[in-house]
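Dropping target_1.txt in here (compact mmCIF, C-alpha atoms):
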# COMPACT_ATOMS: atom_id res chain seq x y z
CA MET A 1 -1.63 26.64 4.75
CA ARG A 2 1.97 26.96 5.80
CA ALA A 3 4.34 24.04 6.36
CA PRO A 4 4.10 23.93 10.19
CA ALA A 5 0.30 23.76 9.99
CA PHE A 6 0.49 21.00 7.37
CA LEU A 7 2.98 19.07 9.50
CA ALA A 8 0.65 19.33 12.50
CA LEU A 9 -2.30 18.28 10.34
CA ASP A 10 -0.37 15.27 9.02
CA LEU A 11 0.52 14.14 12.53
CA VAL A 12 -3.04 14.61 13.78
CA LEU A 13 -4.41 12.66 10.82
CA VAL A 14 -1.99 9.80 11.44
CA VAL A 15 -3.26 9.64 15.04
CA VAL A 16 -6.85 9.73 13.73
CA PHE A 17 -5.97 6.84 11.38
CA ALA A 18 -4.68 4.83 14.36
CA ALA A 19 -7.74 5.69 16.46
CA ILE A 20 -10.12 4.63 13.68
CA GLY A 21 -8.21 1.39 13.25
CA ARG A 22 -8.32 0.62 16.96
CA ARG A 23 -12.02 1.45 17.08
CA SER A 24 -12.80 -0.78 14.09
CA HIS A 25 -11.20 -3.69 15.97
CA ALA A 26 -13.08 -2.86 19.18
CA GLU A 27 -9.83 -2.04 20.99
CA GLU A 28 -9.69 0.43 23.84
CA GLY A 29 -9.32 4.01 22.65
CA ALA A 30 -7.26 5.58 25.44
CA LEU A 31 -4.85 8.18 24.13
CA LEU A 32 -1.74 6.23 25.15
CA ALA A 33 -3.04 3.11 23.41
CA VAL A 34 -3.77 5.10 20.25
CA LEU A 35 -0.31 6.67 20.36
CA GLY A 36 1.15 3.19 20.85
CA THR A 37 -0.45 2.18 17.57
CA ALA A 38 0.34 5.46 15.81
CA TRP A 39 4.02 5.93 16.72
CA PRO A 40 5.54 3.92 13.84
CA PHE A 41 3.50 5.91 11.35
CA LEU A 42 4.30 9.20 13.08
CA VAL A 43 8.00 8.39 12.73
CA GLY A 44 7.37 7.50 9.08
CA ALA A 45 5.60 10.81 8.48
CA LEU A 46 8.52 12.74 9.96
CA VAL A 47 10.96 10.77 7.80
CA GLY A 48 8.77 11.56 4.80
CA TRP A 49 8.87 15.26 5.60
CA GLY A 50 12.65 15.05 5.73
CA VAL A 51 12.75 13.23 2.39
CA ALA A 52 10.45 15.77 0.75
CA ILE A 53 12.50 18.69 2.05
CA ALA A 54 15.80 17.02 1.08
CA ALA A 55 14.40 16.48 -2.42
CA ARG A 56 13.52 20.19 -2.52
CA LEU A 57 9.82 19.44 -2.80
CA SER A 58 7.35 21.61 -0.98
CA PRO A 59 5.81 19.31 1.62
CA THR A 60 2.55 21.23 1.40
CA THR A 61 1.95 20.32 -2.25
CA LEU A 62 0.54 17.12 -3.68
CA ARG A 63 3.90 16.34 -5.28
CA GLY A 64 5.69 16.86 -1.97
CA GLY A 65 3.02 14.89 -0.15
CA VAL A 66 3.68 11.70 -2.12
CA PRO A 67 7.04 10.90 -0.43
CA ILE A 68 5.49 11.81 2.92
CA TRP A 69 2.68 9.33 2.32
CA LEU A 70 4.97 6.60 1.02
CA CYS A 71 7.44 7.00 3.90
CA THR A 72 4.60 7.06 6.42
CA VAL A 73 3.43 3.68 5.16
CA ALA A 74 6.83 2.09 4.47
CA VAL A 75 8.64 3.22 7.63
CA GLY A 76 5.52 2.61 9.71
CA MET A 77 5.21 -0.96 8.45
CA LEU A 78 8.93 -1.59 8.82
CA LEU A 79 8.86 -0.40 12.44
CA ARG A 80 5.77 -2.49 13.12
CA ALA A 81 7.49 -5.55 11.67
CA VAL A 82 10.67 -4.97 13.68
CA THR A 83 8.67 -4.58 16.91
CA GLY A 84 6.49 -7.62 16.28
CA ALA A 85 3.30 -5.72 15.50
CA GLY A 86 0.99 -6.86 12.73
CA THR A 87 1.78 -6.25 9.08
CA ALA A 88 -0.78 -8.50 7.42
CA PHE A 89 -1.20 -7.85 3.70
CA SER A 90 -4.78 -6.66 4.20
CA PHE A 91 -3.60 -4.17 6.83
CA VAL A 92 -0.89 -2.87 4.50
CA LEU A 93 -3.53 -2.31 1.80
CA VAL A 94 -5.94 -0.57 4.16
CA ALA A 95 -3.20 1.58 5.70
CA THR A 96 -1.82 2.54 2.29
CA THR A 97 -5.24 3.57 1.04
CA ALA A 98 -6.39 5.35 4.21
CA LEU A 99 -3.12 7.23 4.63
CA ALA A 100 -3.20 8.27 0.96
CA LEU A 101 -6.60 9.84 1.57
CA PHE A 102 -5.57 11.41 4.86
CA LEU A 103 -2.22 12.79 3.70
CA LEU A 104 -2.84 13.61 0.04
CA LEU A 105 -6.44 14.82 -0.03
CA PRO A 106 -5.81 17.93 2.12
CA ARG A 107 -2.96 18.91 -0.21
CA LEU A 108 -5.15 18.44 -3.27
CA VAL A 109 -7.90 20.54 -1.71
CA ALA A 110 -5.40 23.26 -0.72
CA GLN A 111 -3.88 23.34 -4.21
CA ARG A 112 -7.29 23.50 -5.89
CA SER A 113 -8.55 26.24 -3.60
CA GLY A 114 -5.29 28.14 -4.11
CA ARG A 115 -5.72 28.02 -7.87
CA ARG A 116 -9.26 29.34 -7.58
CA ALA A 117 -8.06 32.19 -5.38
CA ASP A 118 -5.43 33.07 -7.99
CA ALA A 119 -7.97 33.12 -10.83
In structure tokens, how does this file's structure come out?
Amino acid sequence: MRAPAFLALDLVLVVVFAAIGRRSHAEEGALLAVLGTAWPFLVGALVGWGVAIAARLSPTTLRGGVPIWLCTVAVGMLLRAVTGAGTAFSFVLVATTALALFLLLPRLVAQRSGRRADA
């Protein structure tokens, strides 16, 4: 996959993360409500992309995905804290784990399938 497709996938998966979280707390799932929950993490993902590119890491690789994941969580939580949204320790743990799976697993799969195609 090329970088624009990975960026789109990252942003979609962050929205999916927010939708799953809202659903698990029996909150309404309207698109605007989901985006209201997702926006801090979407900003974090975009910051992470900038960090990865500035560090000359390919954002489509697992190595380049790590700063994207970490910025998604850190910036997202910081923005939630600044805006008065919840940042309970359990939420931080769940978000860190879920976003690691959502943002790193596709890169791992792409890298593994790319290696098989090269063999």
Which residue out of A:Pro59, A:Gly84, A:Gly76, A:Pro67 has the minimum interatomic distance to Pro40 (chain A) when all atoms listed in the file are used?
A:Gly76
So which residues touch Leu108 (chain A) within 10 Å, counting only C-alpha atoms, skipping near sequence neighbours fewer than 6 positions away, as an MDAnalysis selection string?
chainID A and resid 60:63 65 101 114
Given only C-alpha atoms as the basis, pick out the residue of A:Val14, A:Val94, A:Ala19, A:Ala88 nearest to Leu42 (chain A).
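Smallest distance to Leu42 (chain A) is found for A:Val14.
Residues in contact range of Gly44 (chain A), defined as at most 12 Å between only C-alpha atoms, with sequence neighbours fewer than 5 positions away removed, read Asp10, Leu11, Val14, Ala38, Trp39, Trp49, Gly50, Val51, Pro67, Ile68, Trp69, Leu70, Cys71, Thr72, Val73, Ala74, Val75, Gly76, Met77, Leu78, Leu79, Arg80 and Leu99 of chain A.
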CA of Thr97 (chain A) sits from CA of Ser24 (chain A) at a separation of 15.7 Å
Computed interatomic separation between CA of Pro4 (chain A) and CA of Arg22 (chain A) (Å)
27.3 Å
If you measure from CA of Leu35 (chain A) to CA of Val15 (chain A), what distance in Å do you get, rounded to one decimal?
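Interatomic distance, CA of Leu35 (chain A) to CA of Val15 (chain A): 6.8 Å.
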Which residue is closest to Leu46 (chain A)? Choose from A:Leu93, A:Val12, A:Leu7, A:Ala18 and count only C-alpha atoms.
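Of A:Leu93, A:Val12, A:Leu7, A:Ala18, the one nearest Leu46 (chain A), counting only C-alpha atoms, is A:Leu7.
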Box for region 49-66 of chain A - axis-aligned, 5 Å on each of the six sides, all listed atoms - centre and size in Å to one decimal, as AutoDock Vina command-line options.
--center_x 8.2 --center_y 16.7 --center_z 0.2 --size_x 25.3 --size_y 19.9 --size_z 21.0
Could you check the closest approach to Phe91 (chain A) for each of A:Val47, A:Arg107, A:Leu13, A:Gly21 and tell me which residue wins, using only C-alpha atoms?
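Ranked by minimum distance to Phe91 (chain A), first place goes to A:Gly21.
Proximity to Ala45 (chain A) was assessed for A:Leu105, A:Ala8, A:Val82, A:Phe89 counting only C-alpha atoms; the smallest distance is recorded for A:Ala8.
Using all atoms listed in the file, the shortest contact distance between Ala100 (chain A) and any of A:Val16, A:Val66, A:Phe6, A:Gly36 is found at A:Val66.
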Kindly add N, CA, C and O atoms to the incomplete region 45-67 of chain A and provide the output as a PDB file, in the frame of the given file.
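Contents of the output file selection.pdb:
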ATOM      1  N   ALA A  45       6.012   9.503   9.014  1.00  0.00           N
ATOM      2  CA  ALA A  45       5.600  10.810   8.480  1.00  0.00           C
ATOM      3  C   ALA A  45       6.736  11.829   8.622  1.00  0.00           C
ATOM      4  O   ALA A  45       7.012  12.595   7.691  1.00  0.00           O
ATOM      5  N   LEU A  46       7.401  11.809   9.764  1.00  0.00           N
ATOM      6  CA  LEU A  46       8.520  12.740   9.960  1.00  0.00           C
ATOM      7  C   LEU A  46       9.676  12.432   9.015  1.00  0.00           C
ATOM      8  O   LEU A  46      10.294  13.349   8.463  1.00  0.00           O
ATOM      9  N   VAL A  47       9.943  11.153   8.789  1.00  0.00           N
ATOM     10  CA  VAL A  47      10.960  10.770   7.800  1.00  0.00           C
ATOM     11  C   VAL A  47      10.546  11.271   6.426  1.00  0.00           C
ATOM     12  O   VAL A  47      11.353  11.825   5.677  1.00  0.00           O
ATOM     13  N   GLY A  48       9.276  11.093   6.087  1.00  0.00           N
ATOM     14  CA  GLY A  48       8.770  11.560   4.800  1.00  0.00           C
ATOM     15  C   GLY A  48       8.916  13.055   4.621  1.00  0.00           C
ATOM     16  O   GLY A  48       9.266  13.529   3.538  1.00  0.00           O
ATOM     17  N   TRP A  49       8.666  13.809   5.673  1.00  0.00           N
ATOM     18  CA  TRP A  49       8.870  15.260   5.600  1.00  0.00           C
ATOM     19  C   TRP A  49      10.332  15.570   5.309  1.00  0.00           C
ATOM     20  O   TRP A  49      10.637  16.427   4.488  1.00  0.00           O
ATOM     21  N   GLY A  50      11.221  14.854   5.979  1.00  0.00           N
ATOM     22  CA  GLY A  50      12.650  15.050   5.730  1.00  0.00           C
ATOM     23  C   GLY A  50      13.030  14.711   4.301  1.00  0.00           C
ATOM     24  O   GLY A  50      13.803  15.440   3.667  1.00  0.00           O
ATOM     25  N   VAL A  51      12.471  13.620   3.775  1.00  0.00           N
ATOM     26  CA  VAL A  51      12.750  13.230   2.390  1.00  0.00           C
ATOM     27  C   VAL A  51      12.236  14.290   1.422  1.00  0.00           C
ATOM     28  O   VAL A  51      12.938  14.679   0.483  1.00  0.00           O
ATOM     29  N   ALA A  52      11.016  14.756   1.645  1.00  0.00           N
ATOM     30  CA  ALA A  52      10.450  15.770   0.750  1.00  0.00           C
ATOM     31  C   ALA A  52      11.297  17.044   0.763  1.00  0.00           C
ATOM     32  O   ALA A  52      11.607  17.601  -0.298  1.00  0.00           O
ATOM     33  N   ILE A  53      11.689  17.478   1.937  1.00  0.00           N
ATOM     34  CA  ILE A  53      12.500  18.690   2.050  1.00  0.00           C
ATOM     35  C   ILE A  53      13.870  18.482   1.417  1.00  0.00           C
ATOM     36  O   ILE A  53      14.369  19.348   0.693  1.00  0.00           O
ATOM     37  N   ALA A  54      14.483  17.315   1.668  1.00  0.00           N
ATOM     38  CA  ALA A  54      15.800  17.020   1.080  1.00  0.00           C
ATOM     39  C   ALA A  54      15.729  16.971  -0.442  1.00  0.00           C
ATOM     40  O   ALA A  54      16.688  17.344  -1.123  1.00  0.00           O
ATOM     41  N   ALA A  55      14.588  16.530  -0.969  1.00  0.00           N
ATOM     42  CA  ALA A  55      14.400  16.480  -2.420  1.00  0.00           C
ATOM     43  C   ALA A  55      13.958  17.822  -2.990  1.00  0.00           C
ATOM     44  O   ALA A  55      13.662  17.924  -4.184  1.00  0.00           O
ATOM     45  N   ARG A  56      13.924  18.832  -2.130  1.00  0.00           N
ATOM     46  CA  ARG A  56      13.520  20.190  -2.520  1.00  0.00           C
ATOM     47  C   ARG A  56      12.096  20.240  -3.066  1.00  0.00           C
ATOM     48  O   ARG A  56      11.790  20.987  -4.005  1.00  0.00           O
ATOM     49  N   LEU A  57      11.237  19.419  -2.470  1.00  0.00           N
ATOM     50  CA  LEU A  57       9.820  19.440  -2.800  1.00  0.00           C
ATOM     51  C   LEU A  57       9.095  20.157  -1.668  1.00  0.00           C
ATOM     52  O   LEU A  57       9.426  19.965  -0.495  1.00  0.00           O
ATOM     53  N   SER A  58       8.131  20.957  -2.008  1.00  0.00           N
ATOM     54  CA  SER A  58       7.350  21.610  -0.980  1.00  0.00           C
ATOM     55  C   SER A  58       6.453  20.565  -0.316  1.00  0.00           C
ATOM     56  O   SER A  58       5.620  19.951  -0.984  1.00  0.00           O
ATOM     57  N   PRO A  59       6.608  20.341   0.970  1.00  0.00           N
ATOM     58  CA  PRO A  59       5.810  19.310   1.620  1.00  0.00           C
ATOM     59  C   PRO A  59       4.326  19.640   1.719  1.00  0.00           C
ATOM     60  O   PRO A  59       3.532  18.789   2.092  1.00  0.00           O
ATOM     61  N   THR A  60       3.963  20.845   1.340  1.00  0.00           N
ATOM     62  CA  THR A  60       2.550  21.230   1.400  1.00  0.00           C
ATOM     63  C   THR A  60       1.826  20.971   0.079  1.00  0.00           C
ATOM     64  O   THR A  60       0.620  21.132   0.012  1.00  0.00           O
ATOM     65  N   THR A  61       2.565  20.572  -0.955  1.00  0.00           N
ATOM     66  CA  THR A  61       1.950  20.320  -2.250  1.00  0.00           C
ATOM     67  C   THR A  61       1.657  18.830  -2.417  1.00  0.00           C
ATOM     68  O   THR A  61       2.201  17.989  -1.697  1.00  0.00           O
ATOM     69  N   LEU A  62       0.841  18.520  -3.385  1.00  0.00           N
ATOM     70  CA  LEU A  62       0.540  17.120  -3.680  1.00  0.00           C
ATOM     71  C   LEU A  62       1.808  16.366  -4.054  1.00  0.00           C
ATOM     72  O   LEU A  62       2.048  15.262  -3.564  1.00  0.00           O
ATOM     73  N   ARG A  63       2.653  16.984  -4.865  1.00  0.00           N
ATOM     74  CA  ARG A  63       3.900  16.340  -5.280  1.00  0.00           C
ATOM     75  C   ARG A  63       4.819  16.091  -4.077  1.00  0.00           C
ATOM     76  O   ARG A  63       5.449  15.042  -3.968  1.00  0.00           O
ATOM     77  N   GLY A  64       4.897  17.036  -3.183  1.00  0.00           N
ATOM     78  CA  GLY A  64       5.690  16.860  -1.970  1.00  0.00           C
ATOM     79  C   GLY A  64       5.045  15.921  -0.976  1.00  0.00           C
ATOM     80  O   GLY A  64       5.725  15.302  -0.158  1.00  0.00           O
ATOM     81  N   GLY A  65       3.732  15.785  -1.056  1.00  0.00           N
ATOM     82  CA  GLY A  65       3.020  14.890  -0.150  1.00  0.00           C
ATOM     83  C   GLY A  65       3.211  13.417  -0.473  1.00  0.00           C
ATOM     84  O   GLY A  65       3.081  12.565   0.414  1.00  0.00           O
ATOM     85  N   VAL A  66       3.528  13.109  -1.726  1.00  0.00           N
ATOM     86  CA  VAL A  66       3.680  11.700  -2.120  1.00  0.00           C
ATOM     87  C   VAL A  66       4.806  11.020  -1.335  1.00  0.00           C
ATOM     88  O   VAL A  66       4.588   9.942  -0.769  1.00  0.00           O
ATOM     89  N   PRO A  67       6.020  11.591  -1.243  1.00  0.00           N
ATOM     90  CA  PRO A  67       7.040  10.900  -0.430  1.00  0.00           C
ATOM     91  C   PRO A  67       6.673  10.861   1.056  1.00  0.00           C
ATOM     92  O   PRO A  67       7.045   9.911   1.751  1.00  0.00           O
TER      93      PRO A  67
END
